[in-house]
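Peer 1: Next comes the structure file protein_29.tsv, holding TSV, C-alpha atoms.
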chain	number	residue	atom	x	y	z
A	1	MET	CA	32.20	28.13	-2.96
A	2	ASN	CA	30.53	30.74	-5.12
A	3	LYS	CA	27.40	30.25	-7.26
A	4	THR	CA	29.36	29.64	-10.43
A	5	GLY	CA	31.50	26.96	-8.80
A	6	LEU	CA	28.43	25.28	-7.31
A	7	SER	CA	26.67	25.32	-10.69
A	8	CYS	CA	29.69	23.66	-12.33
A	9	VAL	CA	29.69	20.91	-9.68
A	10	ILE	CA	25.97	20.28	-10.17
A	11	ILE	CA	26.35	20.17	-13.97
A	12	ALA	CA	29.30	17.79	-13.69
A	13	LYS	CA	27.32	15.46	-11.40
A	14	LYS	CA	24.35	15.52	-13.80
A	15	ARG	CA	26.59	14.64	-16.74
A	16	LYS	CA	28.21	11.82	-14.79
A	17	HIS	CA	24.77	10.49	-13.81
A	18	GLN	CA	23.54	10.72	-17.43
A	19	LYS	CA	26.61	8.80	-18.64
A	20	HIS	CA	25.94	6.15	-16.00
A	21	ILE	CA	22.30	5.81	-17.15
A	22	LYS	CA	23.34	5.58	-20.81
A	23	ALA	CA	25.93	2.93	-19.98
A	24	LYS	CA	23.43	0.93	-17.94
A	25	THR	CA	20.81	1.23	-20.69
A	26	MET	CA	23.32	-0.01	-23.27
A	27	GLU	CA	24.25	-2.95	-21.02
A	28	ILE	CA	20.59	-3.86	-20.53
A	29	GLU	CA	19.91	-3.56	-24.27
A	30	GLU	CA	22.87	-5.84	-25.04
A	31	GLU	CA	21.68	-8.37	-22.48
A	32	LEU	CA	18.15	-8.20	-23.90
A	33	LEU	CA	19.41	-8.85	-27.43
A	34	ALA	CA	21.44	-11.81	-26.21
A	35	ALA	CA	18.46	-13.27	-24.30
A	36	LYS	CA	15.76	-12.43	-26.88
A	37	ALA	CA	15.33	-15.95	-28.29
A	38	GLU	CA	15.31	-17.55	-24.83
A	39	LEU	CA	12.76	-15.03	-23.50
A	40	LEU	CA	10.49	-15.49	-26.52
A	41	ALA	CA	10.61	-19.27	-26.05
A	42	TYR	CA	9.71	-18.78	-22.37
A	43	ALA	CA	6.82	-16.48	-23.35
A	44	ARG	CA	5.54	-19.17	-25.76
A	45	HIS	CA	5.80	-21.73	-22.97
A	46	LEU	CA	3.79	-19.52	-20.58
A	47	THR	CA	1.08	-18.39	-22.99
A	48	LYS	CA	0.81	-21.40	-25.32
A	49	ASN	CA	-0.07	-18.89	-28.06
A	50	GLU	CA	2.23	-17.15	-30.56
A	51	GLU	CA	0.45	-13.79	-30.62
A	52	ARG	CA	0.10	-13.60	-26.85
A	53	ALA	CA	3.76	-14.64	-26.51
A	54	ARG	CA	4.84	-11.69	-28.69
A	55	ASP	CA	2.63	-9.34	-26.66
A	56	LEU	CA	4.11	-10.68	-23.42
A	57	MET	CA	7.62	-10.27	-24.84
A	58	GLN	CA	6.96	-6.62	-25.77
A	59	GLU	CA	5.48	-5.81	-22.39
A	60	THR	CA	8.39	-7.51	-20.63
A	61	VAL	CA	11.01	-5.64	-22.68
A	62	LEU	CA	9.28	-2.36	-21.87
A	63	LYS	CA	9.19	-3.17	-18.15
A	64	ILE	CA	12.85	-4.18	-18.20
A	65	LEU	CA	13.91	-0.96	-19.91
A	66	VAL	CA	11.80	1.22	-17.62
A	67	GLY	CA	12.94	-0.66	-14.51
A	68	ARG	CA	16.58	-1.07	-15.51
A	69	ASP	CA	17.70	0.51	-12.23
A	70	LYS	CA	16.17	-2.44	-10.37
A	71	PHE	CA	18.59	-4.88	-11.98
A	72	GLU	CA	21.44	-5.63	-9.60
A	73	LYS	CA	24.81	-5.87	-11.30
A	74	GLY	CA	26.51	-9.18	-10.63
A	75	THR	CA	23.27	-11.17	-10.70
A	76	SER	CA	21.92	-13.19	-13.61
A	77	PHE	CA	20.19	-10.90	-16.12
A	78	ARG	CA	18.39	-13.84	-17.74
A	79	ASN	CA	16.91	-14.98	-14.43
A	80	TRP	CA	15.84	-11.42	-13.62
A	81	ALA	CA	14.27	-10.99	-17.07
A	82	ARG	CA	12.43	-14.32	-16.74
A	83	LYS	CA	11.11	-13.23	-13.34
A	84	VAL	CA	9.89	-9.93	-14.83
A	85	MET	CA	8.19	-11.89	-17.62
A	86	TYR	CA	6.60	-14.37	-15.23
A	87	ASN	CA	5.24	-11.59	-12.99
A	88	THR	CA	3.90	-9.75	-16.04
A	89	PHE	CA	2.24	-12.97	-17.19
A	90	LEU	CA	0.59	-13.44	-13.77
A	91	ASN	CA	-0.59	-9.82	-13.69
A	92	ASN	CA	-2.14	-10.31	-17.13
A	93	ILE	CA	-3.97	-13.42	-15.91
A	94	VAL	CA	-5.36	-11.52	-12.92
A	95	ARG	CA	-6.47	-8.69	-15.23
A	96	GLU	CA	-8.15	-11.21	-17.58
A	97	GLU	CA	-9.78	-12.97	-14.61
A	98	LYS	CA	-11.36	-9.69	-13.50
A	99	VAL	CA	-12.83	-9.15	-16.97
A	100	PHE	CA	-13.94	-12.80	-17.17
A	101	ALA	CA	-15.58	-12.60	-13.74
A	102	VAL	CA	-17.64	-9.58	-14.76
A	103	ASP	CA	-18.63	-11.13	-18.12
A	104	ASN	CA	-19.35	-14.52	-16.57
A	105	TYR	CA	-21.41	-12.99	-13.77
A	106	SER	CA	-23.49	-11.08	-16.31
A	107	SER	CA	-24.31	-14.27	-18.20
A	108	VAL	CA	-25.10	-16.16	-14.96
A	109	HIS	CA	-27.33	-13.29	-13.83
A	110	HIS	CA	-29.08	-13.32	-17.21
A	111	ASN	CA	-29.70	-17.08	-16.95
A	112	ILE	CA	-31.09	-16.77	-13.42
A	113	MET	CA	-33.29	-13.82	-14.26
A	114	TYR	CA	-34.82	-15.41	-17.36
A	115	MET	CA	-34.98	-19.07	-16.43
A	116	PRO	CA	-38.29	-20.87	-16.98
A	117	GLY	CA	-40.33	-21.36	-13.82
A	118	ARG	CA	-38.64	-18.43	-12.10
A	119	ASN	CA	-41.92	-17.10	-10.81
A	120	GLU	CA	-42.58	-20.35	-8.94
A	121	ILE	CA	-40.20	-19.06	-6.25
A	122	PRO	CA	-42.05	-16.58	-4.01
A	123	GLY	CA	-40.63	-13.16	-4.87
A	124	GLY	CA	-38.60	-14.66	-7.73
A	125	ALA	CA	-34.88	-14.89	-8.27
A	126	HIS	CA	-34.83	-11.13	-8.67
A	127	ASP	CA	-35.31	-10.76	-4.90
A	128	ILE	CA	-32.40	-13.11	-4.27
A	129	TYR	CA	-30.23	-11.08	-6.63
A	130	LYS	CA	-31.24	-7.88	-4.82
A	131	MET	CA	-30.30	-9.44	-1.48
A	132	VAL	CA	-26.85	-10.36	-2.79
A	133	ASN	CA	-26.38	-6.81	-4.09
A	134	HIS	CA	-27.21	-5.34	-0.67
A	135	LEU	CA	-24.57	-7.30	1.25
A	136	PRO	CA	-22.17	-5.06	3.23
A	137	ASP	CA	-18.47	-4.23	2.68
A	138	GLY	CA	-18.14	-5.43	-0.90
A	139	CYS	CA	-19.26	-8.93	0.12
A	140	ASP	CA	-21.65	-8.90	-2.83
A	141	ARG	CA	-18.72	-9.04	-5.25
A	142	MET	CA	-17.17	-11.95	-3.34
A	143	ILE	CA	-20.44	-13.91	-3.42
A	144	LYS	CA	-20.84	-13.17	-7.14
A	145	LEU	CA	-17.33	-14.45	-7.82
A	146	LEU	CA	-18.04	-17.53	-5.70
A	147	ILE	CA	-21.29	-18.16	-7.59
A	148	THR	CA	-19.44	-17.95	-10.91
A	149	GLY	CA	-17.14	-20.78	-9.80
A	150	HIS	CA	-14.08	-19.00	-8.42
A	151	LYS	CA	-12.16	-20.55	-5.54
A	152	TYR	CA	-11.37	-18.62	-2.37
A	153	SER	CA	-7.73	-18.25	-3.45
A	154	GLU	CA	-8.78	-16.85	-6.84
A	155	ILE	CA	-11.16	-14.38	-5.22
A	156	ALA	CA	-8.38	-13.25	-2.89
A	157	MET	CA	-6.04	-12.77	-5.85
A	158	ILE	CA	-8.65	-10.93	-7.97
A	159	LEU	CA	-9.63	-8.56	-5.13
A	160	ASP	CA	-6.06	-8.29	-3.82
A	161	ILE	CA	-7.01	-9.11	-0.22
A	162	PRO	CA	-5.91	-11.88	2.16
A	163	ILE	CA	-7.64	-15.26	1.76
A	164	GLY	CA	-8.67	-15.18	5.44
A	165	THR	CA	-10.62	-11.98	4.80
A	166	VAL	CA	-12.36	-13.63	1.84
A	167	LYS	CA	-13.32	-16.68	3.92
A	168	SER	CA	-14.65	-14.67	6.85
A	169	ARG	CA	-16.64	-12.26	4.66
A	170	ILE	CA	-18.16	-15.09	2.63
A	171	PHE	CA	-19.07	-16.91	5.86
A	172	ALA	CA	-20.74	-13.75	7.19
A	173	SER	CA	-22.49	-13.16	3.85
A	174	ARG	CA	-23.85	-16.70	3.81
A	175	ALA	CA	-25.23	-16.20	7.31
A	176	ILE	CA	-26.93	-12.96	6.25
A	177	LEU	CA	-28.36	-14.57	3.11
A	178	ARG	CA	-29.50	-17.66	5.06
A	179	GLU	CA	-31.40	-15.40	7.45
A	180	GLU	CA	-32.87	-13.28	4.65
A	181	LEU	CA	-33.81	-16.33	2.59
A	182	LYS	CA	-35.15	-18.52	5.39
A	183	ASP	CA	-38.68	-18.31	3.89
A	184	TYR	CA	-37.31	-19.56	0.56
A	185	LEU	CA	-35.34	-22.38	2.15
A	186	GLU	CA	-38.22	-23.91	4.14
Reformat the file's structure so that it appears as C-alpha cells.
Peer 2:
Amino acid sequence: MNKTGLSCVIIAKKRKHQKHIKAKTMEIEEELLAAKAELLAYARHLTKNEERARDLMQETVLKILVGRDKFEKGTSFRNWARKVMYNTFLNNIVREEKVFAVDNYSSVHHNIMYMPGRNEIPGGAHDIYKMVNHLPDGCDRMIKLLITGHKYSEIAMILDIPIGTVKSRIFASRAILREELKDYLE
C-alpha cells in the first residue's frame, strides 16, 4: 500500500473513532438528562445541604462526561452514575478532613502552647510539641491526627496508607515519646 492509501485508511479510522465518541457522548448526555432528578435527590441525601448537593451534582456530571469510556454498555447507567457520585462524595470528605485536621491541630497547638500553668511542667509543653515534631517517618502527623481525635481508620484514610501501618507507627511513636518524656511522667 502506498503512502496515499495508508493516509486514507488512517483518516477513515479517525473519522470512525470520532463518530463513535460523539455517539457515546450523546448517549451519556441523554442518560444524564433522564437521571438528573434522581441524581440530584441522591446528592441531597448524601450532603444534607442544597448548595453542596448542587456542587456534588456538577462535579459528578463532569466526571461522568470525562470518564464516559469507563461506562460499560449493557450495565445500568443510573447505578454507575450513583457510584461515581458516591465516590466523589467520599473523596470530598477526605479532602475536607485533611483541611479540618490541619485547622484543628493548629487550634489544639495554640491551646496547649498558651494554657495557664504551662510553665509548671519542666521544659513546658513546647518541649513536648518539639518531641512530637521530631518523630521519624511522618509519625508526627499521625500523632497529631490522633491527638485531634481521629480514629486509626480515619488516619489511614486521610494519609492513604494501610491501617496496620498506622497502628504500628503510632505504637512505635508512643514508645519513643514515653522514653523521651519519662522525666515528665514520673
Peer 1: Taking the point (-16.0, -13.9, 2.9) as given in the file, collect each protein or nucleic acid residue that comes within 12 Å of it, counting only C-alpha atoms, and present the set as a PyMOL selection string.
Peer 2: chain A and resi 135-146+151-153+155-156+159+161-176
Peer 1: Quick one: residues within 12 Å of segment 89-92 of chain A, all atoms listed in the file counted, chain neighbours fewer than 4 positions away excluded, as an mmCIF file with C-alpha atoms, in the frame of the given file?
Peer 2:
data_model
loop_
_atom_site.group_PDB
_atom_site.id
_atom_site.type_symbol
_atom_site.label_atom_id
_atom_site.label_comp_id
_atom_site.auth_asym_id
_atom_site.auth_seq_id
_atom_site.Cartn_x
_atom_site.Cartn_y
_atom_site.Cartn_z
ATOM 1 C CA TYR A 42 9.710 -18.780 -22.370
ATOM 2 C CA ALA A 43 6.820 -16.480 -23.350
ATOM 3 C CA ARG A 44 5.540 -19.170 -25.760
ATOM 4 C CA HIS A 45 5.800 -21.730 -22.970
ATOM 5 C CA LEU A 46 3.790 -19.520 -20.580
ATOM 6 C CA THR A 47 1.080 -18.390 -22.990
ATOM 7 C CA LYS A 48 0.810 -21.400 -25.320
ATOM 8 C CA ARG A 52 0.100 -13.600 -26.850
ATOM 9 C CA ALA A 53 3.760 -14.640 -26.510
ATOM 10 C CA ARG A 54 4.840 -11.690 -28.690
ATOM 11 C CA ASP A 55 2.630 -9.340 -26.660
ATOM 12 C CA LEU A 56 4.110 -10.680 -23.420
ATOM 13 C CA MET A 57 7.620 -10.270 -24.840
ATOM 14 C CA GLN A 58 6.960 -6.620 -25.770
ATOM 15 C CA GLU A 59 5.480 -5.810 -22.390
ATOM 16 C CA THR A 60 8.390 -7.510 -20.630
ATOM 17 C CA ARG A 82 12.430 -14.320 -16.740
ATOM 18 C CA LYS A 83 11.110 -13.230 -13.340
ATOM 19 C CA VAL A 84 9.890 -9.930 -14.830
ATOM 20 C CA MET A 85 8.190 -11.890 -17.620
ATOM 21 C CA GLU A 96 -8.150 -11.210 -17.580
ATOM 22 C CA GLU A 97 -9.780 -12.970 -14.610
ATOM 23 C CA LYS A 98 -11.360 -9.690 -13.500
ATOM 24 C CA VAL A 99 -12.830 -9.150 -16.970
ATOM 25 C CA MET A 157 -6.040 -12.770 -5.850
ATOM 26 C CA ILE A 158 -8.650 -10.930 -7.970
ATOM 27 C CA ASP A 160 -6.060 -8.290 -3.820
#
Peer 1: Could you tell me which of A:Glu179, A:Glu29, A:Glu50, A:Glu72 comes closest to Met131 of chain A if we count all atoms listed in the file?
Peer 2: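 Counting all atoms listed in the file, the residue closest to Met131 of chain A is A:Glu179.
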Peer 1: For each of A:Val61, A:Lys73, A:Glu180, A:Val66, take the minimum atom-to-atom distance to His134 of chain A, counting all atoms listed in the file, then give the residue where this is smallest.
Peer 2: A:Glu180
Peer 1: Any idea what the distance is between atom CA of Thr75 of chain A and atom CA of Leu62 of chain A?
Peer 2: 20.0 Å
Peer 1: May I ask for the distance between atom CA of Glu38 of chain A and atom CA of Arg95 of chain A, given in Å to one decimal place?
Peer 2: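 Answer for the atom CA of Glu38 of chain A to atom CA of Arg95 of chain A separation: 25.4 Å.
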Peer 1: Report, in Å with one decimal, the straight-line distance from atom CA of Tyr86 of chain A to atom CA of Met26 of chain A.
Peer 2: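 Taking atom CA of Tyr86 of chain A as the start and atom CA of Met26 of chain A as the end point, the length is 23.5 Å.
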Peer 1: So, with all atoms listed in the file as the atoms that count, which of A:Lys130, A:Arg178, A:Lys63, A:Lys36 lies closest to Arg78 of chain A?
Peer 2: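 Smallest distance to Arg78 of chain A is found for A:Lys36.
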